[in-house]
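Here's the structure, in structure tokens; my notes come after.
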Amino acid sequence: MKVLIVGGGGREHAIAAKIAENPAVEKLYAAPGNGGMAAICELVDLKATDVEGLTAFARNNGIDFVVVAPEDPLCLGLVDRLLAVGIPAFGPTKDAAVIEGSKVFSKKLMEKYGIPTAACETFDDCDKALAYLETIKYPTVVKCDGLAMGKGAIICEDKAAAIEAVVGMMREGGFGDAGKQVVIEEFLTGPEVSVLAFMDGKTVVPMVSSMDHKRAMDNDEGLNTGGMGTIAPNPCYTPEVAERCMKEIFLPTMEAMNAEGRTFRGCLFFGLMVTPDGPKVIEYNCRFGDPETEVVLPLLKSDLLTIMQATAAGKLADVPVVFDTGAACCVMLASGGYPVSYKKGYPITGLEEAAKTARVYHAGTALKDGQIVTAGGRVLGVSATAETLEAAIAKAYDAADKIDFTDKHLRRDIGQRALREGAK
Ligand code: AMP
Ligand code: GLY
């Protein structure tokens, strides 16, 4: 079988590594891939958003199955195009990807079908949004409607900050078309849990839960990033919470999408908050999370490609999805200055040494004259599994410390909150 993976971050590297375990796979391609994926995939010089180029490549090269990992091509309809030319693909079609592509859509969906989430109002008129800010309690959360690379949610401590956020999005156009509509929502409190779930419109199979660490610095200080590390499982996702999520959130979401004629087939990411009133949805993503995937997939014992093919075919119920009972930790190594500004092109050393005890997923790397160099804000995800979370954390940091490059930045406290919450 020939499989094409669309995307080029740590998530895609983790997906590729897992798919490569299937003996039926003769050849893996990645578009555009990255310096680390080059070891297991042939890199294709096409952007993940080049819908026509990717469809033509898949046709001309006899690709049997395509995995579309990032949200942009999903929202642009890459899966629709592939299916239209007869190539099976993992990921939702455009009309289902809108669950991430439009916050206004997802909030209205939850409201219509009684799925627990933060109370909110949506606006397409700046003056009306500003008037509404006079009437609410603070803090509040202002979110732009469209995709914003994880930067579209602004927590506003007071009215002045909320005005700035609304004006920035709606009047100054800081988020382009994504900011034409905004959602202003109630500020919720409680631990956050990420749950990725396979879904085919008939069956939903949640994967092991995880916890992201979004801020750039230790103790959750500094700016929000794409994620500085993850652990799995998340101790706040107790069996009771899991049962409530299945009944109140996961199944109702699948049924809501079916009822809207937008059957979701792929991986649906539930960003949840366990509030004093129970679990609520903070956000949906129409894809695997990054860096959640880097801790979830190493714990998957079943064959990923088989699950993905079954999901795409609407036969998820027929395949086993089994996770290891141990724990995993992923520490991201970033470029100093990320997420604001940073330099690229520094040689990376110690990769082979680290790979002896951990999985080293490349996020922002490139191959330059045979040498792996830094090529992004998040450079590498160093992921380790063990019987206990404590042991997984120690293993991940031990390997992370063997890798070096100029301006290397990492958080030292990935997993500490989970240990305080009672993770074993
Ligand atoms: P989002 O882009 O919607 O995932 O939001 C990014 C982050 O902002 C989340 O992971 C939360 O930490 C925080 N956040 C979003 N919405 C809320 C909310 N209603 N209450 C509290 N925090 C929120
Ligand atoms: N880690 C959060 C995300 O993938 O959006």
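Ordered as shown in the structure tokens, chains take letters A, B, and onward, while each chain numbers its residues from 1 and ligands are numbered from 1 in the order shown.
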
Inset, instruction - Just the residues within 12 Å of Ser106 of chain A, please, counting only C-alpha atoms, with nothing from its chain fewer than 6 positions along; format it as a list in words. - result: Ala96, Ala97, Val98, Ile99, Glu100, Lys112, Tyr113, Gly114, Ile115, Pro116, Thr117, Ala118, Cys120, Thr122, Asp145, Gly146, Val183, Thr253, Ala256, Met257, Glu260, Phe270, Val281, Ile282, Glu283, Tyr284, Asn285 and Cys286 of chain A

List every residue of chain A that has an atom at most 6 Å from any atom of ligand 2, and for each one report the closest atom pair and its distance in Å to one decimal, counting only C-alpha atoms and all ligand atoms, with rows sorted by chain and then by increasing residue number, as JSON lines.
{"residue": "A:Gly227", "atom": "CA", "partner": "ligand 2", "partner_atom_place_in_ligand_line": "1 (N)", "distance": 5.5}
{"residue": "A:Gly289", "atom": "CA", "partner": "ligand 2", "partner_atom_place_in_ligand_line": "4 (O)", "distance": 3.3}
{"residue": "A:Asp290", "atom": "CA", "partner": "ligand 2", "partner_atom_place_in_ligand_line": "4 (O)", "distance": 4.0}
{"residue": "A:Pro291", "atom": "CA", "partner": "ligand 2", "partner_atom_place_in_ligand_line": "1 (N)", "distance": 5.4}
{"residue": "A:Glu292", "atom": "CA", "partner": "ligand 2", "partner_atom_place_in_ligand_line": "1 (N)", "distance": 5.9}

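For segment 42-48 of chain A, the set of protein, DNA and RNA residues having any atom at most 9 Å away, when counting only C-alpha atoms and skipping those fewer than 6 positions along the same chain, is A:Val6, A:Gly7, A:Gly8, A:Lys27, A:Leu28, A:Tyr29, A:Ala30, A:Ala31, A:Pro32, A:Gly33, A:Asn34, A:Leu54, A:Phe57, A:Val68, A:Ala69, A:Pro70, A:Asp72, A:Pro73.
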
Legend entry - Distance filter 6 Å around ligand 1, atoms: only C-alpha atoms and all ligand atoms, out as number ranges by chain: A: 118, 141, 150, 152-153, 185-189, 282-283

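Distances here use only C-alpha atoms; by that measure, the residue among A:Ile136, A:Leu74, A:Leu268, A:Cys329 closest to Glu387 of chain A is A:Cys329.
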
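Proximity ranking of A:Glu121, A:Ile15, A:Thr55, A:Leu147 relative to Glu71 of chain A places A:Leu147 first, based on only C-alpha atoms.
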
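When the distance limit is 6 Å and only C-alpha atoms are what count, the residues near Leu333 of chain A, minus those fewer than 5 positions from it on the same chain, are Val379, Leu380, His409 and Leu410 of chain A.
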
Go ahead and dump the residues you just picked, C-alpha atoms, as a PDB file, in the first residue's frame.
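After the write, part.pdb holds the following:
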ATOM      1  CA  VAL A 379      11.515  22.149  16.876  1.00  0.00           C
ATOM      2  CA  LEU A 380      11.220  18.658  18.391  1.00  0.00           C
ATOM      3  CA  HIS A 409      14.104  26.376  25.123  1.00  0.00           C
ATOM      4  CA  LEU A 410      11.979  23.892  27.056  1.00  0.00           C
TER       5      LEU A 410
END

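Pairwise distance (atom CA of Cys126 of chain A, atom CA of Asn224 of chain A) equals 25.5 Å.
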
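By only C-alpha atoms, and with residues fewer than 2 positions from Val321 of chain A along its chain excluded, the set lying at most 7 Å from it is Ser302, Val319 and Phe323 of chain A.
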
Inset, instruction - Go through A:Arg359, A:Lys18, A:His13, A:Lys368 and flag the residue nearest Thr385 of chain A, using only C-alpha atoms for the distances. - result: A:Arg359
